[in-house]
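Below is data_27.cif, holding mmCIF, C-alpha atoms (C1' of nucleotides).
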```cif
data_structure
loop_
_atom_site.label_atom_id
_atom_site.label_comp_id
_atom_site.auth_asym_id
_atom_site.auth_seq_id
_atom_site.Cartn_x
_atom_site.Cartn_y
_atom_site.Cartn_z
CA MET A 1 -25.12 -53.19 32.15
CA THR A 2 -26.58 -56.37 30.70
CA GLU A 3 -29.95 -57.85 31.53
CA PRO A 4 -29.99 -58.82 35.20
CA ARG A 5 -30.10 -62.53 35.90
CA TRP A 6 -32.49 -62.96 38.78
CA LEU A 7 -32.70 -65.82 41.20
CA ASP A 8 -35.36 -68.42 40.64
CA GLU A 9 -37.64 -69.64 43.40
CA ASP A 10 -35.30 -72.36 44.64
CA GLU A 11 -32.26 -70.17 44.58
CA GLN A 12 -34.10 -67.43 46.39
CA ARG A 13 -35.07 -69.78 49.20
CA ALA A 14 -31.63 -71.34 49.34
CA TRP A 15 -30.01 -67.93 49.54
CA ARG A 16 -32.23 -66.69 52.32
CA ALA A 17 -31.79 -69.89 54.29
CA PHE A 18 -28.04 -69.73 53.87
CA LEU A 19 -27.97 -66.10 54.89
CA ALA A 20 -30.01 -66.81 57.99
CA ALA A 21 -27.99 -69.86 58.97
CA SER A 22 -24.71 -68.05 58.57
CA ARG A 23 -25.78 -64.99 60.48
CA LEU A 24 -27.29 -66.99 63.31
CA LEU A 25 -24.38 -69.40 63.53
CA PHE A 26 -21.57 -66.87 63.38
CA ASP A 27 -23.30 -64.39 65.65
CA ARG A 28 -23.82 -67.14 68.14
CA LEU A 29 -20.26 -68.41 68.06
CA GLU A 30 -18.98 -64.86 68.21
CA ARG A 31 -21.00 -64.17 71.30
CA GLU A 32 -20.00 -67.40 73.00
CA LEU A 33 -16.34 -66.78 72.33
CA GLN A 34 -16.55 -63.20 73.48
CA HIS A 35 -18.31 -64.27 76.64
CA ASP A 36 -16.19 -67.30 77.49
CA ALA A 37 -12.76 -66.28 76.29
CA GLY A 38 -13.00 -62.51 76.05
CA MET A 39 -11.99 -62.31 72.42
CA PRO A 40 -13.68 -62.00 69.05
CA HIS A 41 -13.52 -64.89 66.62
CA ALA A 42 -11.06 -63.08 64.37
CA TYR A 43 -8.56 -62.97 67.22
CA TYR A 44 -9.16 -66.59 68.01
CA GLU A 45 -8.39 -67.49 64.44
CA ILE A 46 -5.16 -65.54 64.51
CA LEU A 47 -4.05 -67.41 67.62
CA VAL A 48 -4.97 -70.73 66.01
CA ARG A 49 -2.93 -70.02 62.90
CA LEU A 50 0.05 -68.99 64.93
CA SER A 51 -0.21 -72.05 67.15
CA GLU A 52 -0.04 -74.28 64.09
CA ALA A 53 2.96 -72.56 62.56
CA PRO A 54 6.57 -73.68 63.05
CA ASP A 55 7.93 -72.06 66.20
CA ARG A 56 4.50 -70.53 66.62
CA ARG A 57 5.49 -67.61 64.45
CA LEU A 58 4.44 -66.21 61.09
CA ARG A 59 5.23 -63.19 59.03
CA MET A 60 2.41 -60.67 59.25
CA SER A 61 1.49 -61.18 55.60
CA GLU A 62 1.33 -64.94 55.90
CA LEU A 63 -0.81 -64.51 58.96
CA ALA A 64 -3.13 -62.23 57.04
CA ASP A 65 -3.38 -64.69 54.16
CA LYS A 66 -4.00 -67.71 56.36
CA SER A 67 -6.65 -66.00 58.42
CA LEU A 68 -8.27 -64.53 55.30
CA SER A 69 -7.88 -61.03 56.65
CA SER A 70 -6.57 -57.81 55.25
CA ARG A 71 -3.12 -56.72 56.34
CA SER A 72 -4.68 -53.74 58.00
CA ARG A 73 -7.01 -55.91 60.04
CA VAL A 74 -4.20 -58.13 61.23
CA SER A 75 -2.06 -55.14 62.02
CA HIS A 76 -4.75 -53.60 64.21
CA ALA A 77 -5.46 -56.95 65.81
CA ALA A 78 -1.80 -57.56 66.49
CA ARG A 79 -1.58 -54.33 68.43
CA ARG A 80 -4.45 -55.43 70.65
CA LEU A 81 -3.13 -58.93 71.08
CA GLU A 82 0.27 -57.51 71.96
CA GLU A 83 -1.32 -55.31 74.61
CA ALA A 84 -2.97 -58.41 76.03
CA GLY A 85 0.40 -60.15 76.11
CA TRP A 86 -0.76 -62.98 73.83
CA LEU A 87 1.40 -62.02 70.89
CA ARG A 88 4.77 -60.42 70.40
CA ARG A 89 6.17 -58.79 67.28
CA GLU A 90 9.80 -59.22 66.29
CA GLU A 91 11.62 -57.59 63.46
CA CYS A 92 12.69 -59.75 60.57
CA GLU A 93 16.40 -60.17 59.97
CA THR A 94 16.25 -61.04 56.31
CA ASP A 95 13.75 -58.42 55.24
CA ARG A 96 13.90 -55.23 57.16
CA ARG A 97 10.40 -54.22 56.02
CA GLY A 98 8.95 -57.33 57.57
CA ALA A 99 7.82 -58.38 61.01
CA TRP A 100 7.20 -61.69 62.73
CA ALA A 101 4.12 -62.28 64.80
CA VAL A 102 5.00 -64.68 67.60
CA LEU A 103 2.52 -66.44 69.85
CA THR A 104 3.57 -66.04 73.49
CA ASP A 105 3.17 -68.73 76.11
CA ALA A 106 0.36 -66.72 77.61
CA GLY A 107 -1.30 -66.60 74.21
CA TYR A 108 -0.94 -70.32 73.80
CA ALA A 109 -2.43 -70.92 77.23
CA VAL A 110 -5.38 -68.67 76.49
CA LEU A 111 -6.00 -70.53 73.26
CA GLN A 112 -5.84 -73.91 74.98
CA ALA A 113 -8.39 -72.66 77.48
CA ALA A 114 -10.72 -71.24 74.83
CA ALA A 115 -10.62 -74.09 72.33
CA PRO A 116 -12.78 -76.76 74.00
CA GLY A 117 -15.68 -74.41 74.57
CA HIS A 118 -15.53 -73.08 71.05
CA VAL A 119 -15.31 -76.52 69.49
CA GLU A 120 -18.24 -77.59 71.60
CA GLY A 121 -20.20 -74.67 70.16
CA VAL A 122 -19.34 -75.65 66.60
CA ARG A 123 -20.42 -79.22 67.34
CA THR A 124 -23.66 -78.28 69.01
CA HIS A 125 -24.79 -75.62 66.59
CA LEU A 126 -23.54 -77.12 63.36
CA PHE A 127 -22.42 -80.74 63.19
CA ASP A 128 -24.95 -82.17 65.60
CA GLN A 129 -27.62 -80.85 63.24
CA LEU A 130 -26.20 -82.52 60.14
CA SER A 131 -25.85 -86.05 58.84
CA ALA A 132 -22.45 -87.36 57.77
CA GLU A 133 -23.62 -86.98 54.21
CA GLN A 134 -24.52 -83.36 54.75
CA VAL A 135 -21.13 -82.67 56.27
CA ALA A 136 -19.54 -83.97 53.09
CA GLN A 137 -21.91 -81.90 50.98
CA LEU A 138 -21.22 -78.76 52.96
CA ARG A 139 -17.53 -79.27 52.46
CA GLN A 140 -17.85 -79.70 48.72
CA ILE A 141 -20.11 -76.71 48.36
CA SER A 142 -17.73 -74.61 50.42
CA GLU A 143 -14.70 -75.73 48.47
CA ALA A 144 -16.38 -74.79 45.22
CA VAL A 145 -17.05 -71.30 46.50
CA VAL A 146 -13.53 -70.93 47.86
CA ALA A 147 -12.03 -72.14 44.61
CA HIS A 148 -13.89 -69.39 42.80
CA LEU A 149 -13.16 -66.57 45.24
CA GLU A 150 -9.73 -67.44 46.55
CA PRO A 151 -7.54 -66.85 43.47
CA LEU A 152 -9.34 -63.71 42.39
CA ASP A 153 -9.39 -60.64 44.57
CA MET B 154 -17.41 -79.14 82.13
CA THR B 155 -17.67 -82.57 80.51
CA GLU B 156 -15.09 -84.19 78.28
CA PRO B 157 -14.66 -82.07 75.15
CA ARG B 158 -16.00 -83.61 71.95
CA TRP B 159 -13.47 -82.80 69.30
CA LEU B 160 -14.01 -82.63 65.58
CA ASP B 161 -12.87 -85.56 63.49
CA GLU B 162 -10.82 -85.16 60.34
CA ASP B 163 -13.80 -84.72 58.02
CA GLU B 164 -15.55 -82.28 60.29
CA GLN B 165 -12.39 -80.28 60.73
CA ARG B 166 -11.97 -79.92 56.99
CA ALA B 167 -15.62 -79.17 56.45
CA TRP B 168 -15.56 -76.52 59.14
CA ARG B 169 -12.50 -74.76 57.78
CA ALA B 170 -13.86 -74.85 54.25
CA PHE B 171 -17.20 -73.48 55.39
CA LEU B 172 -15.50 -70.75 57.40
CA ALA B 173 -13.36 -69.75 54.45
CA ALA B 174 -16.24 -69.81 51.99
CA SER B 175 -18.46 -67.73 54.23
CA ARG B 176 -15.82 -65.15 54.99
CA LEU B 177 -14.76 -64.81 51.37
CA LEU B 178 -18.31 -64.68 50.06
CA PHE B 179 -19.75 -62.24 52.57
CA ASP B 180 -16.70 -60.01 52.56
CA ARG B 181 -16.89 -59.88 48.81
CA LEU B 182 -20.59 -59.10 48.66
CA GLU B 183 -20.18 -56.54 51.41
CA ARG B 184 -17.47 -54.79 49.50
CA GLU B 185 -19.37 -54.84 46.23
CA LEU B 186 -22.48 -53.44 47.84
CA GLN B 187 -20.54 -50.76 49.68
CA HIS B 188 -18.80 -49.79 46.48
CA ASP B 189 -21.79 -49.88 44.13
CA ALA B 190 -24.60 -48.75 46.37
CA GLY B 191 -22.83 -47.02 49.24
CA MET B 192 -24.38 -49.12 51.95
CA PRO B 193 -23.46 -52.16 54.03
CA HIS B 194 -25.32 -55.40 53.54
CA ALA B 195 -27.18 -55.01 56.82
CA TYR B 196 -28.75 -51.81 55.55
CA TYR B 197 -29.61 -53.41 52.24
CA GLU B 198 -31.40 -56.17 54.07
CA ILE B 199 -33.41 -53.70 56.11
CA LEU B 200 -34.52 -51.96 52.94
CA VAL B 201 -35.45 -55.30 51.38
CA ARG B 202 -37.60 -56.32 54.33
CA LEU B 203 -39.38 -53.00 54.36
CA SER B 204 -39.98 -53.12 50.62
CA GLU B 205 -41.71 -56.49 51.02
CA ALA B 206 -43.93 -55.40 53.89
CA PRO B 207 -47.49 -54.09 53.48
CA ASP B 208 -47.36 -50.34 52.88
CA ARG B 209 -43.60 -50.71 53.01
CA ARG B 210 -43.66 -50.31 56.76
CA LEU B 211 -42.83 -52.45 59.76
CA ARG B 212 -42.67 -52.01 63.49
CA MET B 213 -39.08 -51.72 64.64
CA SER B 214 -39.22 -55.06 66.43
CA GLU B 215 -40.61 -56.92 63.45
CA LEU B 216 -37.91 -55.35 61.35
CA ALA B 217 -35.29 -56.55 63.80
CA ASP B 218 -36.72 -60.06 63.83
CA LYS B 219 -37.01 -60.33 60.07
CA SER B 220 -33.52 -59.06 59.46
CA LEU B 221 -32.10 -61.24 62.23
CA SER B 222 -30.67 -58.22 63.97
CA SER B 223 -30.75 -56.96 67.50
CA ARG B 224 -33.10 -54.12 68.28
CA SER B 225 -30.11 -51.99 69.04
CA ARG B 226 -28.59 -52.64 65.66
CA VAL B 227 -31.76 -51.76 63.84
CA SER B 228 -32.20 -48.67 65.94
CA HIS B 229 -28.74 -47.41 65.10
CA ALA B 230 -29.20 -48.33 61.46
CA ALA B 231 -32.57 -46.58 61.31
CA ARG B 232 -30.98 -43.35 62.47
CA ARG B 233 -28.45 -43.56 59.65
CA LEU B 234 -31.02 -44.53 57.07
CA GLU B 235 -33.22 -41.68 58.21
CA GLU B 236 -30.33 -39.25 57.78
CA ALA B 237 -29.90 -40.57 54.27
CA GLY B 238 -33.61 -39.99 53.63
CA TRP B 239 -34.25 -43.65 52.81
CA LEU B 240 -36.35 -44.37 55.85
CA ARG B 241 -38.74 -42.45 58.01
CA ARG B 242 -39.94 -43.25 61.51
CA GLU B 243 -43.50 -42.66 62.56
CA GLU B 244 -44.99 -43.07 65.97
CA CYS B 245 -47.47 -45.88 66.49
CA GLU B 246 -51.06 -44.96 67.28
CA THR B 247 -52.07 -48.17 69.01
CA ASP B 248 -48.95 -48.60 71.14
CA ARG B 249 -47.31 -45.45 72.28
CA ARG B 250 -44.07 -47.25 73.04
CA GLY B 251 -43.76 -48.37 69.47
CA ALA B 252 -42.49 -46.91 66.23
CA TRP B 253 -43.00 -47.67 62.58
CA ALA B 254 -40.12 -47.80 60.17
CA VAL B 255 -41.34 -46.66 56.76
CA LEU B 256 -39.44 -47.01 53.51
CA THR B 257 -39.44 -43.69 51.65
CA ASP B 258 -39.70 -43.36 47.89
CA ALA B 259 -36.04 -42.40 47.82
CA GLY B 260 -35.24 -45.54 49.80
CA TYR B 261 -37.24 -47.66 47.40
CA ALA B 262 -35.47 -46.10 44.44
CA VAL B 263 -32.06 -46.74 45.97
CA LEU B 264 -32.99 -50.33 46.60
CA GLN B 265 -34.21 -50.78 43.03
CA ALA B 266 -30.92 -49.42 41.81
CA ALA B 267 -28.81 -51.59 44.10
CA ALA B 268 -30.62 -54.88 43.68
CA PRO B 269 -29.53 -56.02 40.21
CA GLY B 270 -25.85 -55.61 40.96
CA HIS B 271 -26.14 -57.39 44.26
CA VAL B 272 -28.12 -60.27 42.82
CA GLU B 273 -25.55 -60.56 40.07
CA GLY B 274 -22.87 -60.90 42.73
CA VAL B 275 -24.79 -63.63 44.52
CA ARG B 276 -25.22 -65.46 41.23
CA THR B 277 -21.63 -65.14 40.17
CA HIS B 278 -19.97 -65.96 43.46
CA LEU B 279 -22.37 -68.58 44.71
CA PHE B 280 -24.95 -70.15 42.42
CA ASP B 281 -22.84 -70.25 39.29
CA GLN B 282 -20.40 -72.40 41.26
CA LEU B 283 -23.00 -74.94 42.36
CA SER B 284 -25.08 -77.64 40.69
CA ALA B 285 -28.85 -77.66 41.14
CA GLU B 286 -28.39 -80.56 43.50
CA GLN B 287 -25.94 -78.63 45.61
CA VAL B 288 -28.32 -75.69 45.79
CA ALA B 289 -30.93 -78.02 47.25
CA GLN B 290 -28.38 -79.48 49.65
CA LEU B 291 -27.26 -76.06 50.78
CA ARG B 292 -30.81 -75.12 51.49
CA GLN B 293 -31.48 -78.21 53.58
CA ILE B 294 -28.27 -77.84 55.52
CA SER B 295 -29.05 -74.20 56.19
CA GLU B 296 -32.59 -74.92 57.26
CA ALA B 297 -31.38 -77.51 59.73
CA VAL B 298 -29.04 -75.00 61.31
CA VAL B 299 -31.70 -72.31 61.39
CA ALA B 300 -34.20 -74.68 62.95
CA HIS B 301 -31.76 -75.33 65.75
CA LEU B 302 -30.69 -71.74 66.36
CA GLU B 303 -33.82 -69.78 65.59
CA PRO B 304 -36.07 -70.73 68.50
CA LEU B 305 -33.33 -70.70 71.12
CA ASP B 306 -31.13 -67.68 71.67
"C1'" DG C 307 24.49 -47.42 40.08
"C1'" DG C 308 20.25 -45.13 40.10
"C1'" DA C 309 15.34 -44.34 39.12
"C1'" DA C 310 10.96 -46.27 39.05
"C1'" DC C 311 8.09 -49.53 40.80
"C1'" DA C 312 6.43 -53.06 43.99
"C1'" DA C 313 6.00 -55.08 48.52
"C1'" DA C 314 5.55 -55.17 53.91
"C1'" DG C 315 3.48 -53.15 57.28
"C1'" DT C 316 1.38 -49.27 59.99
"C1'" DT C 317 -1.65 -45.55 60.93
"C1'" DG C 318 -5.88 -42.48 61.47
"C1'" DA C 319 -10.43 -41.25 60.35
"C1'" DG C 320 -14.81 -42.85 59.80
"C1'" DT C 321 -18.42 -46.27 60.48
"C1'" DG C 322 -21.16 -50.10 62.26
"C1'" DC C 323 -21.66 -53.33 65.87
"C1'" DT C 324 -22.26 -55.00 70.85
"C1'" DC C 325 -23.46 -54.58 75.47
"C1'" DA C 326 -25.55 -52.60 79.24
"C1'" DA C 327 -28.20 -49.03 81.04
"C1'" DC C 328 -31.99 -46.23 80.46
"C1'" DT C 329 -37.02 -44.11 79.51
"C1'" DG C 330 -41.55 -44.65 78.78
"C1'" DT C 331 -45.66 -47.73 78.10
"C1'" DT C 332 -48.54 -51.66 78.55
"C1'" DC C 333 -49.88 -55.93 80.60
"C1'" DC C 334 -51.07 -58.80 84.40
"C1'" DC C 335 -52.75 -60.00 88.69
"C1'" DT C 336 -54.97 -59.75 92.99
"C1'" DA D 337 -57.32 -49.46 91.02
"C1'" DG D 338 -52.51 -50.04 91.71
"C1'" DG D 339 -47.91 -52.15 91.86
"C1'" DG D 340 -44.64 -54.94 89.52
"C1'" DA D 341 -43.02 -57.30 85.66
"C1'" DA D 342 -42.44 -57.40 80.84
"C1'" DC D 343 -42.01 -54.97 76.50
"C1'" DA D 344 -40.60 -51.29 72.71
"C1'" DG D 345 -37.23 -48.68 71.60
"C1'" DT D 346 -33.14 -45.56 72.22
"C1'" DT D 347 -28.69 -44.16 73.71
"C1'" DG D 348 -23.57 -43.96 74.67
"C1'" DA D 349 -19.25 -46.07 75.38
"C1'" DG D 350 -16.06 -49.13 73.61
"C1'" DC D 351 -14.29 -51.93 70.14
"C1'" DA D 352 -13.24 -54.00 65.47
"C1'" DC D 353 -13.17 -53.27 60.68
"C1'" DT D 354 -12.55 -50.66 56.18
"C1'" DC D 355 -10.34 -47.58 53.22
"C1'" DA D 356 -6.87 -44.67 51.76
"C1'" DA D 357 -2.62 -42.57 52.66
"C1'" DC D 358 1.85 -43.13 54.23
"C1'" DT D 359 6.89 -44.87 55.41
"C1'" DT D 360 10.38 -47.92 54.70
"C1'" DT D 361 12.75 -51.42 52.28
"C1'" DG D 362 13.46 -54.49 48.34
"C1'" DT D 363 13.44 -55.44 43.30
"C1'" DT D 364 13.94 -54.54 38.47
"C1'" DC D 365 15.72 -52.83 34.53
"C1'" DC D 366 18.31 -49.74 31.71
#
```
Exercise: express the given structure as structure tokens:
Amino acid sequence: MTEPRWLDEDEQRAWRAFLAASRLLFDRLERELQHDAGMPHAYYEILVRLSEAPDRRLRMSELADKSLSSRSRVSHAARRLEEAGWLRREECETDRRGAWAVLTDAGYAVLQAAAPGHVEGVRTHLFDQLSAEQVAQLRQISEAVVAHLEPLD
Amino acid sequence: MTEPRWLDEDEQRAWRAFLAASRLLFDRLERELQHDAGMPHAYYEILVRLSEAPDRRLRMSELADKSLSSRSRVSHAARRLEEAGWLRREECETDRRGAWAVLTDAGYAVLQAAAPGHVEGVRTHLFDQLSAEQVAQLRQISEAVVAHLEPLD
DNA sequence: GGAACAAAGTTGAGTGCTCAACTGTTCCCT
DNA sequence: AGGGAACAGTTGAGCACTCAACTTTGTTCC
């Protein structure tokens, strides 16, 4: 291994602040969503992606890609969501290996009910604390990180 | 409930980018740490906090606060870390309810071994992608969020 | 056409987290 | 002093995630 490149003072502080902000924010939103809508954020995101797809359906792999989850994770989640009646799986005609994940009406209704509260949380805990300039900065910073991590892996 | 305050176009994009960046970054670091050092990031953070404390020891509650974890989480983690021989619990003389978490020499050694690789990951996946200005921006944004969420909760 | 390889998705074991309930101790207040 | 509230920490059940192994189907290439 080569000589380790340590973090300087500023980076150290930035990293710790970012770590703290992320943990606090996501833990908070997770808890609110769990409390108000009875589902973890990962499930919420799956429902959102499905609701935005044509015919409210996506192949399992697309769903995994769009929600930045592993196939395994989505597969486990789909089982749970199916039990709850919010999602239905259908076999794919054109590729017999494949499966469609379809958002049910009940799933759509649950999402509609959960969304305002969740959005309110995001507003309150994030955007209300930032200036318009900072929102733009956060976006650019995030996009740089995504651009680096997305293609790889 | 009052009228929901939705996110505008810019906020929507910023939020999704931030979500994606955070998930990708933390998942990646988590996986690297698990692979290279055989521990999740939460455990790494516990070891870090202990290593920085006087005599490498902290009361369980302080440890929970500093690592932004619930007492329960730290308690479960401590059991695991104790099994691994990286941490030892001692009873507190001045408060018989309390317990000290003490970093063992083995724990310190493991942390020393894990740190360079982890820091390298943070560099590569985060700071190498950002300008010095963006690092400063990220810090300010994060501190604003922490300031809002820290006291409450 | 058939063999090797890749892709889609599922499954089970293991692990860490949350939540609520619990024990034991200390603090506070009159 | 004594009773009640608050605090420190642990525990167990339930759930979500990871990793690796697996089945089934599609693709490629000779």
For this session: Would you translate the PyMOL selection byres ((chain A and resi 122) around 10) into the concrete set of residues it matches in this file, as a PyMOL selection string?
Result: (chain A and resi 25-26+28-29+116-121+123-128) or (chain B and resi 159-160+164+168)
For this session: Could you give me, as a list in words, the residues within 10 Å of B:Gly260, counting all atoms listed in the file and dropping anything in the same chain fewer than 6 positions from it?
Result: Tyr197, Leu200, Val201, Leu203, Ser204, Leu234, Glu235, Ala237, Gly238, Trp239, Leu240, Arg241 and Ala266 of chain B
Exercise. Which residues come within 12 Å of C:DC335, counting only C-alpha atoms (C1' of nucleotides), excluding same-chain residues fewer than 6 positions away, as a PyMOL selection string?
Worked result: chain D and resi 337-341
Those same residues, written as a CSV table (one decimal), in the coordinates of the input with C-alpha atoms (C1' of nucleotides)?
```csv
chain,number,residue,atom,x,y,z
D,337,DA,C1',-57.3,-49.5,91.0
D,338,DG,C1',-52.5,-50.0,91.7
D,339,DG,C1',-47.9,-52.2,91.9
D,340,DG,C1',-44.6,-54.9,89.5
D,341,DA,C1',-43.0,-57.3,85.7
```
For this session: Apply the PyMOL selection byres ((chain B) within 8 of (chain D)) to the file shown and report the selected residues as a list in words.
Result: Met213, Ser214, Arg224, Ser225, Ser228, Arg250, Gly251 and Ala252 of chain B
Please produce a file of those selected residues containing C-alpha atoms, as a PDB file, in the frame of the given file.
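That gives us result28.pdb:
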```pdb
ATOM      1  CA  MET B 213     -39.080 -51.720  64.640  1.00  0.00           C
ATOM      2  CA  SER B 214     -39.220 -55.060  66.430  1.00  0.00           C
ATOM      3  CA  ARG B 224     -33.100 -54.120  68.280  1.00  0.00           C
ATOM      4  CA  SER B 225     -30.110 -51.990  69.040  1.00  0.00           C
ATOM      5  CA  SER B 228     -32.200 -48.670  65.940  1.00  0.00           C
ATOM      6  CA  ARG B 250     -44.070 -47.250  73.040  1.00  0.00           C
ATOM      7  CA  GLY B 251     -43.760 -48.370  69.470  1.00  0.00           C
ATOM      8  CA  ALA B 252     -42.490 -46.910  66.230  1.00  0.00           C
TER       9      ALA B 252
END
```
Proximal residues of chain B relative to chain A (only C-alpha atoms; 7 Å) as a PDB file with C-alpha atoms, in the coordinates of the input:
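What landed in out.pdb:
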```pdb
ATOM      1  CA  PRO B 157     -14.660 -82.070  75.150  1.00  0.00           C
ATOM      2  CA  ARG B 158     -16.000 -83.610  71.950  1.00  0.00           C
ATOM      3  CA  TRP B 159     -13.470 -82.800  69.300  1.00  0.00           C
ATOM      4  CA  GLU B 164     -15.550 -82.280  60.290  1.00  0.00           C
ATOM      5  CA  ALA B 167     -15.620 -79.170  56.450  1.00  0.00           C
ATOM      6  CA  ALA B 170     -13.860 -74.850  54.250  1.00  0.00           C
ATOM      7  CA  PHE B 171     -17.200 -73.480  55.390  1.00  0.00           C
ATOM      8  CA  ALA B 173     -13.360 -69.750  54.450  1.00  0.00           C
ATOM      9  CA  ALA B 174     -16.240 -69.810  51.990  1.00  0.00           C
ATOM     10  CA  LEU B 177     -14.760 -64.810  51.370  1.00  0.00           C
ATOM     11  CA  PRO B 269     -29.530 -56.020  40.210  1.00  0.00           C
ATOM     12  CA  VAL B 272     -28.120 -60.270  42.820  1.00  0.00           C
ATOM     13  CA  GLU B 273     -25.550 -60.560  40.070  1.00  0.00           C
ATOM     14  CA  HIS B 278     -19.970 -65.960  43.460  1.00  0.00           C
ATOM     15  CA  LEU B 279     -22.370 -68.580  44.710  1.00  0.00           C
ATOM     16  CA  GLN B 282     -20.400 -72.400  41.260  1.00  0.00           C
ATOM     17  CA  LEU B 283     -23.000 -74.940  42.360  1.00  0.00           C
ATOM     18  CA  GLN B 287     -25.940 -78.630  45.610  1.00  0.00           C
ATOM     19  CA  VAL B 288     -28.320 -75.690  45.790  1.00  0.00           C
ATOM     20  CA  LEU B 291     -27.260 -76.060  50.780  1.00  0.00           C
ATOM     21  CA  ARG B 292     -30.810 -75.120  51.490  1.00  0.00           C
ATOM     22  CA  ILE B 294     -28.270 -77.840  55.520  1.00  0.00           C
ATOM     23  CA  SER B 295     -29.050 -74.200  56.190  1.00  0.00           C
ATOM     24  CA  GLU B 296     -32.590 -74.920  57.260  1.00  0.00           C
ATOM     25  CA  ALA B 297     -31.380 -77.510  59.730  1.00  0.00           C
ATOM     26  CA  VAL B 298     -29.040 -75.000  61.310  1.00  0.00           C
ATOM     27  CA  VAL B 299     -31.700 -72.310  61.390  1.00  0.00           C
ATOM     28  CA  LEU B 302     -30.690 -71.740  66.360  1.00  0.00           C
TER      29      LEU B 302
END
```
For this session: Run the PyMOL selection byres ((chain B) within 8 of (chain C)) on the file and write out the hits as a PyMOL selection string.
Result: chain B and resi 226+248-250
Return as JSON the box centre and box size in Å, one decimal, for an axis-aligned box around all listed atoms of stretch 252-256 of chain B padded by 6 Å per side.
```
{"center_x": -41.2, "center_y": -47.2, "center_z": 59.9, "size_x": 15.6, "size_y": 13.1, "size_z": 24.7}
```
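Coordinates place atom CA of A:Thr94 at a distance of 23.6 Å from atom CA of A:His76.
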Seminar exercise, completed: Atom pair atom CA of B:Ala230 + atom CA of A:Arg31, distance 20.4 Å
Problem set entry | Straight-line distance linking atom CA of B:Arg233 with atom CA of B:Tyr261, stated in Å to one decimal | 15.6 Å
Starting from the sparse input, extend stretch 129-140 of chain A to N, CA and C atoms and give the output as a tab-separated table (two decimals), in the frame of the given file.
```tsv
chain	number	residue	atom	x	y	z
A	129	GLN	N	-26.38	-81.05	64.00
A	129	GLN	CA	-27.62	-80.85	63.24
A	129	GLN	C	-27.55	-81.48	61.86
A	130	LEU	N	-26.38	-82.01	61.50
A	130	LEU	CA	-26.20	-82.52	60.14
A	130	LEU	C	-25.86	-84.00	60.12
A	131	SER	N	-26.26	-84.66	59.06
A	131	SER	CA	-25.85	-86.05	58.84
A	131	SER	C	-24.43	-86.07	58.28
A	132	ALA	N	-23.81	-87.24	58.32
A	132	ALA	CA	-22.45	-87.36	57.77
A	132	ALA	C	-22.44	-86.97	56.30
A	133	GLU	N	-23.51	-87.33	55.61
A	133	GLU	CA	-23.62	-86.98	54.21
A	133	GLU	C	-23.65	-85.46	54.02
A	134	GLN	N	-24.42	-84.81	54.87
A	134	GLN	CA	-24.52	-83.36	54.75
A	134	GLN	C	-23.20	-82.66	55.06
A	135	VAL	N	-22.45	-83.24	55.97
A	135	VAL	CA	-21.13	-82.67	56.27
A	135	VAL	C	-20.26	-82.71	55.02
A	136	ALA	N	-20.31	-83.84	54.33
A	136	ALA	CA	-19.54	-83.97	53.09
A	136	ALA	C	-20.03	-82.98	52.03
A	137	GLN	N	-21.33	-82.83	51.95
A	137	GLN	CA	-21.91	-81.90	50.98
A	137	GLN	C	-21.50	-80.46	51.29
A	138	LEU	N	-21.57	-80.13	52.55
A	138	LEU	CA	-21.22	-78.76	52.96
A	138	LEU	C	-19.77	-78.47	52.59
A	139	ARG	N	-18.94	-79.45	52.79
A	139	ARG	CA	-17.53	-79.27	52.46
A	139	ARG	C	-17.33	-79.04	50.97
A	140	GLN	N	-18.01	-79.86	50.16
A	140	GLN	CA	-17.85	-79.70	48.72
A	140	GLN	C	-18.39	-78.37	48.22
```
